[in-house]
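Undergrad: Let me begin by handing over the structure; questions about it come next.
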Amino acid sequence: MAKATTAIKQRPHVFVWEGTDHKGKRLRGESRTSSITMVKAELRRQGITPLKVRKKSAGLFTNRKQRILPKDIAVFARQLATMMSSGVPMVQAIEIVARGHSNPSMQDLLLSIKNDVEGGSTLTDALRKHPLYFNDLFCNLVHAGEQAGVLETLLDKIATYKEKTESLKGKIKKALFYPTTVIVMAIVITAIIMIFVIPQFKSLFAGFEADLPAFTKLVVSLSDFVAAWWWALLSSTIVFFGLSIFTLKRSPRLREILDTLLLKLPVLGNSMHKVALARFCRTTATMFTAGVPLVEALGSVAGATGNRVYEKAVLAMRDDVATGQSLQLTMKQQDLFPHMVTQMVAIGEESGALDEMLTKVADFYEEEVDNAIDALSSLLEPMIMAILGTLIGGLVIAMYLPIFQMGSVF
């Protein structure tokens, strides 16, 4: 029994096998499981007599571990829901999804979950063993589906929820990608000019029998500094960003301060408010539809907002709701939710259709985020071009200013 348990917990491998069927026909194939013993047992269940079973040799790049992306989890939830609603047993459905996945890491994850479920665990308990990929929100929804006997319906809603949230994240990343790329390229080009181009002009200016303009002297001095200390500047920049990321991940207070500042920015802050509101409404609607009690749901919703200010407010709302207050009243007290949101929640509570109202609000704010991101991109493009023009143009003018002055003298 101990050996069987050990085999289940082993990391799955790819085995190449040869065997014969009941007609004596020779068959070949591959199987991904934990041991040769399990491969042979699986083949015998399929009516195949195993002749040779060996572990597949690893290629040059096969050991490179692929990341499991959130979209992989969303696809898994969707496929599992589809198969279970078609009458396929859960264990078999998980195995089919696993063996059909192109990502070996995802295959290992799903086969591990399948082995746990096959060993008697609930799907919720199996998922909770992998918190890196299945958070409390995901597990709570699955648990609610198992308790109510509507797991396939809840899995479908989870897939929709994750697709919506990942789409929202993708739009934000897309909006930030262009300005970030341009800024990085501007820094690289400026550094190249400072280190390699301006020193050439400096040697040319050495033959002038006149004082250089103050602006040119400033740029030349700056070039000397960058050329001499570029390694220190680069190292300090890397260390600064590394420490900033490290500190932000481990300091909730600093993260809260940063999120507060982001919400107060002139243009970006409004977009950040809308993103947090869309996540709050979408997540709450999904949890409420699953039949999760509102107090318990708000605990999971808090972390899904993506902003420490909203997270703190939602946790305070959870405590108020636990004492018997209505959701819309607690939202008003936080001074973060627009009047339209609180009124829609009030209507939903009175009519018993809170999930529908929150879904409509989520759709509205997701569309608002789309429009805000488009407007922000349109605003950033000319600003970035103006900054780049000023920066590069200033360097060019500084280098040619002495030549212009000499031309005016002669």
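Chain labels A, B, ... are given in the sequence in which chains occur in the structure tokens; within each chain residues are numbered consecutively from 1, and ligands are likewise numbered from 1 in the order shown.
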Find the spatial neighbours of Thr122 (chain A), counting only C-alpha atoms, within a cut-off of 12 Å - ignore same-chain residues fewer than 6 positions away - and output them as a list in words.

TA: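 The filter keeps Met90, Val91, Ile113, Lys114, Asn115, Asp116, Arg128, Lys129, Cys139, Val142, His143, Ala144, Gly145, Glu146, Gln147 and Leu151 of chain A.
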
Undergrad: Quick one, how far is CA of Pro293 (chain A) from CA of Leu329 (chain A)?

TA: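 Pair CA of Pro293 (chain A) / CA of Leu329 (chain A) returns 17.6 Å.
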
Undergrad: Using DSSP on the backbone coordinates, identify all residues within region 211-340 of chain A classified as helix (DSSP H, G or I); present the result as a VMD selection string.

TA: chain A and resid 214 to 250 252 to 263 268 to 289 294 to 304 308 to 322 327 to 334 339 to 340

Undergrad: When you count only C-alpha atoms, which of these residues is closest to Ile245 (chain A): A:Leu258, A:Ala297, A:Ala186, A:Met287?

TA: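 Smallest separation from Ile245 (chain A) among the options: A:Leu258.
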
Undergrad: Mind pulling up the distance from CA of Ser102 (chain A) to CA of Lys171 (chain A)?

TA: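 CA of Ser102 (chain A) lies at a distance of 25.7 Å from CA of Lys171 (chain A).
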
Undergrad: Excluding region 342-347 of chain A and residues on its chain fewer than 4 positions from it, collect all residues at most 9 Å away from it, counting only C-alpha atoms, and give them as a ChimeraX atom specification.

TA: /A:326-329,331-332,337-338,351-355,357-358,360-361

Undergrad: Please dump the current selection as a CSV table (one decimal), in the first residue's frame; keep C-alpha atoms.

TA:
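As a result, result_15.csv now contains:
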```csv
chain,number,residue,atom,x,y,z
A,326,SER,CA,-27.0,45.4,3.8
A,327,LEU,CA,-24.3,45.3,1.2
A,328,GLN,CA,-25.3,48.6,-0.4
A,329,LEU,CA,-25.3,50.4,2.9
A,331,MET,CA,-20.6,50.2,0.2
A,332,LYS,CA,-21.8,53.7,0.8
A,337,PHE,CA,-18.1,53.1,-4.9
A,338,PRO,CA,-20.0,55.4,-7.3
A,351,SER,CA,-35.4,42.2,-6.2
A,352,GLY,CA,-33.3,39.1,-5.3
A,353,ALA,CA,-31.2,39.5,-8.5
A,354,LEU,CA,-28.0,40.8,-7.0
A,355,ASP,CA,-25.8,38.6,-9.2
A,357,MET,CA,-27.1,43.5,-11.3
A,358,LEU,CA,-23.5,43.1,-10.5
A,360,LYS,CA,-24.3,44.3,-15.6
A,361,VAL,CA,-22.2,46.7,-13.6
```
